Amino acid sequence: MSREAVILEPAPADPAELSEFPIYAASKGLRVWRVCESGLGPWWFASSMAGRFDLAGPRGTCYVALDDLGALMEFIGVELNTGIVSRGSLRKRRLWELELPWDCELADLTSRLAARWITSEINTVVPYALPQTWAGAFDRLGRSGVRYRARMDPSGPAALALFGDAGEDTTASRGDEHEIDAAYELRLLDECNIVVEDIPSFTHLSFVSLAP
């Protein structure tokens, strides 16, 4: 097989074949972080299949990072253009500091012991059809989610994709809500080399005709 080919295979049809897959135990109260649009609750379990480990309804997946900048990087990554991100886009979001409301047994996609089943491509491959088969298999096996490597952060920190019923879980504590303010802009510049700028909209631009 060529090294340019994707080696990762779909998850086995029988989730029992994954019973020996390594587990990461995340304890209730573990501090995690998530970026959401302002006005929305943080414990949203997506079933749109637009996320890497989304589950099909009626199940869903909630993505959280283990540090605040990790959560910001996962959000910024899809909007980043030549090292600059829109200040207006950040101001529309809130950074939530949360605690896991339950103990979790997560399939550990970051463990070398997982090499029997997967490659690290599961953290980066696009489109998301392949990793979604693995998420579905782990959910059927009874795992609480997966521990994986964040795609948008080159330092490769771990993040968690938690499984639950699709939609918002209003029973879990919302934790603390933070504005993504000037202090975070400085940290993004100092620690991530990402510049936050005011990017004008079309309504603030003047257009000059070049016609003779």
# chains A, B, ... in the order shown; residues from 1 in each chain; ligands from 1
call {"tool": "residues_around", "arguments": {"residues": "A:Ala158", "least_positions_apart": "5", "cutoff": "10 Å", "atoms": "only C-alpha atoms", "output": "ChimeraX atom specification"}}
result
/A:64-67,70,108-110,147-151,153
call {"tool": "write_last_selection", "arguments": {"atoms": "N, CA and C atoms", "output": "mmCIF file, in the first residue's frame"}}
result
data_model
loop_
_atom_site.group_PDB
_atom_site.id
_atom_site.type_symbol
_atom_site.label_atom_id
_atom_site.label_comp_id
_atom_site.auth_asym_id
_atom_site.auth_seq_id
_atom_site.Cartn_x
_atom_site.Cartn_y
_atom_site.Cartn_z
ATOM 1 N N VAL A 64 -15.247 19.011 23.894
ATOM 2 C CA VAL A 64 -14.638 19.882 24.894
ATOM 3 C C VAL A 64 -13.119 19.717 24.836
ATOM 4 N N ALA A 65 -12.416 20.777 25.231
ATOM 5 C CA ALA A 65 -10.952 20.758 25.292
ATOM 6 C C ALA A 65 -10.513 20.710 26.751
ATOM 7 N N LEU A 66 -9.250 20.348 26.955
ATOM 8 C CA LEU A 66 -8.725 20.247 28.310
ATOM 9 C C LEU A 66 -8.026 21.519 28.770
ATOM 10 N N ASP A 67 -7.969 22.525 27.902
ATOM 11 C CA ASP A 67 -7.470 23.840 28.305
ATOM 12 C C ASP A 67 -8.160 24.904 27.469
ATOM 13 N N GLY A 70 -6.801 25.567 23.932
ATOM 14 C CA GLY A 70 -7.150 24.440 23.071
ATOM 15 C C GLY A 70 -8.553 24.578 22.511
ATOM 16 N N ASP A 108 -9.689 5.598 24.171
ATOM 17 C CA ASP A 108 -8.515 6.455 24.127
ATOM 18 C C ASP A 108 -7.814 6.342 22.767
ATOM 19 N N LEU A 109 -8.136 7.272 21.880
ATOM 20 C CA LEU A 109 -7.547 7.281 20.544
ATOM 21 C C LEU A 109 -6.124 7.815 20.552
ATOM 22 N N THR A 110 -5.640 8.276 21.711
ATOM 23 C CA THR A 110 -4.288 8.817 21.816
ATOM 24 C C THR A 110 -3.294 7.787 22.344
ATOM 25 N N ARG A 147 -11.350 10.039 23.630
ATOM 26 C CA ARG A 147 -10.252 10.989 23.853
ATOM 27 C C ARG A 147 -9.421 10.990 22.581
ATOM 28 N N TYR A 148 -9.181 12.178 22.015
ATOM 29 C CA TYR A 148 -8.537 12.260 20.712
ATOM 30 C C TYR A 148 -7.557 13.425 20.679
ATOM 31 N N ARG A 149 -6.830 13.566 19.575
ATOM 32 C CA ARG A 149 -5.905 14.674 19.401
ATOM 33 C C ARG A 149 -6.603 15.801 18.648
ATOM 34 N N ALA A 150 -6.527 17.008 19.189
ATOM 35 C CA ALA A 150 -7.155 18.158 18.542
ATOM 36 C C ALA A 150 -6.464 18.447 17.216
ATOM 37 N N ARG A 151 -7.235 18.536 16.168
ATOM 38 C CA ARG A 151 -6.675 18.711 14.819
ATOM 39 C C ARG A 151 -6.075 20.084 14.592
ATOM 40 N N ASP A 153 -4.700 22.315 16.620
ATOM 41 C CA ASP A 153 -3.601 22.776 17.464
ATOM 42 C C ASP A 153 -2.368 21.948 17.142
#
call {"tool": "select_by_dssp", "arguments": {"residues": "stretch 19-205 of chain A", "states": "strand (DSSP E)", "output": "number ranges by chain"}}
result
A: 23-26, 31-37, 44-45, 59-65, 84-86, 93-99, 104-108, 145-149, 158-165, 167-168, 176-179, 195-197
call {"tool": "atom_distance", "arguments": {"atom1": "atom CA of A:Arg31", "atom2": "atom CA of A:Glu97"}}
result
7.0 Å
call {"tool": "closest_atom_pairs", "arguments": {"of": "stretch 130-161 of chain A", "to": "stretch 2-12 of chain A", "cutoff": "7 Å", "atoms": "only C-alpha atoms", "output": "CSV"}}
result
residue,atom,partner,partner_atom,distance
A:Leu130,CA,A:Pro10,CA,5.4
A:Thr133,CA,A:Ala11,CA,5.5
A:Trp134,CA,A:Ala11,CA,4.8
A:Ala137,CA,A:Ala11,CA,6.5
call {"tool": "closest_residue", "arguments": {"among": "A:Leu141, A:Ala107, A:Ala129, A:Leu186", "to": "A:Ala26", "atoms": "only C-alpha atoms"}}
result
A:Ala107
call {"tool": "residues_around", "arguments": {"residues": "A:Glu177", "least_positions_apart": "5", "cutoff": "12 Å", "atoms": "only C-alpha atoms", "output": "list in words"}}
result
Trp33, Arg34, Val35, Cys36, Glu37, Ser38, Gly39, Leu40, Gly41, Pro42, Asp68, Arg93, Arg94, Leu95, Trp96, Glu97 and Leu98 of chain A
call {"tool": "atom_distance", "arguments": {"atom1": "atom CA of A:Leu55", "atom2": "atom CA of A:Gly164"}}
result
9.0 Å
call {"tool": "residues_around", "arguments": {"residues": "A:Ala166", "least_positions_apart": "2", "cutoff": "7 Å", "atoms": "only C-alpha atoms", "output": "MDAnalysis selection string"}}
result
chainID A and resid 45:47 57:60 164 168
call {"tool": "write_last_selection", "arguments": {"atoms": "C-alpha atoms", "output": "PDB file, in the first residue's frame"}}
result
ATOM      1  CA  PHE A  45     -24.703  17.244  21.798  1.00  0.00           C
ATOM      2  CA  ALA A  46     -24.548  17.552  18.015  1.00  0.00           C
ATOM      3  CA  SER A  47     -26.104  15.023  15.648  1.00  0.00           C
ATOM      4  CA  GLY A  57     -29.768  11.150  16.103  1.00  0.00           C
ATOM      5  CA  PRO A  58     -31.220  10.449  18.554  1.00  0.00           C
ATOM      6  CA  ARG A  59     -27.658  10.391  19.907  1.00  0.00           C
ATOM      7  CA  GLY A  60     -25.171  13.279  19.769  1.00  0.00           C
ATOM      8  CA  GLY A 164     -25.183  11.681  24.986  1.00  0.00           C
ATOM      9  CA  GLU A 168     -28.893  20.444  24.875  1.00  0.00           C
TER      10      GLU A 168
END
call {"tool": "select_by_dssp", "arguments": {"residues": "stretch 23-103 of chain A", "states": "helix (DSSP H, G or I)", "output": "list in words"}}
result
Asp68, Leu69, Gly70, Ala71, Leu72, Met73, Glu74, Phe75, Ile76, Arg87, Gly88, Ser89, Leu90 and Arg91 of chain A
call {"tool": "atom_distance", "arguments": {"atom1": "atom CA of A:Ile180", "atom2": "atom CA of A:Gly51"}}
result
22.9 Å
call {"tool": "closest_residue", "arguments": {"among": "A:Val85, A:Leu90, A:Ala135, A:Leu69", "to": "A:Pro15", "atoms": "only C-alpha atoms"}}
result
A:Ala135
call {"tool": "residues_around", "arguments": {"residues": "A:Val196", "least_positions_apart": "3", "cutoff": "12 Å", "atoms": "only C-alpha atoms", "output": "list of chain:residue names"}}
result
A:Ile76, A:Glu79, A:Leu80, A:Asn81, A:Thr82, A:Gly83, A:Ile84, A:Val85, A:Ser86, A:Arg87, A:Gly88, A:Ser89, A:Leu90, A:Arg91, A:Ile180, A:Asp181, A:Ala182, A:Ala183, A:Tyr184, A:Glu185, A:Leu186, A:Arg187, A:Leu188, A:Leu189, A:Asp190, A:Cys192, A:Asn193, A:Ile199
call {"tool": "closest_residue", "arguments": {"among": "A:Glu17, A:Met73, A:Asp169, A:Pro22", "to": "A:Arg112", "atoms": "only C-alpha atoms"}}
result
A:Pro22
call {"tool": "closest_residue", "arguments": {"among": "A:Asn123, A:Ser111, A:Gln132, A:Ser173", "to": "A:Ser48", "atoms": "only C-alpha atoms"}}
result
A:Gln132
call {"tool": "residues_around", "arguments": {"residues": "A:Ala172", "least_positions_apart": "4", "cutoff": "9 Å", "atoms": "only C-alpha atoms", "output": "PyMOL selection string"}}
result
chain A and resi 43+99-101
call {"tool": "write_last_selection", "arguments": {"atoms": "C-alpha atoms", "output": "mmCIF file, in the first residue's frame"}}
result
data_model
loop_
_atom_site.group_PDB
_atom_site.id
_atom_site.type_symbol
_atom_site.label_atom_id
_atom_site.label_comp_id
_atom_site.auth_asym_id
_atom_site.auth_seq_id
_atom_site.Cartn_x
_atom_site.Cartn_y
_atom_site.Cartn_z
ATOM 1 C CA TRP A 43 -23.688 21.258 26.836
ATOM 2 C CA GLU A 99 -16.681 20.539 35.031
ATOM 3 C CA LEU A 100 -17.558 17.073 33.811
ATOM 4 C CA PRO A 101 -20.883 16.232 35.458
#
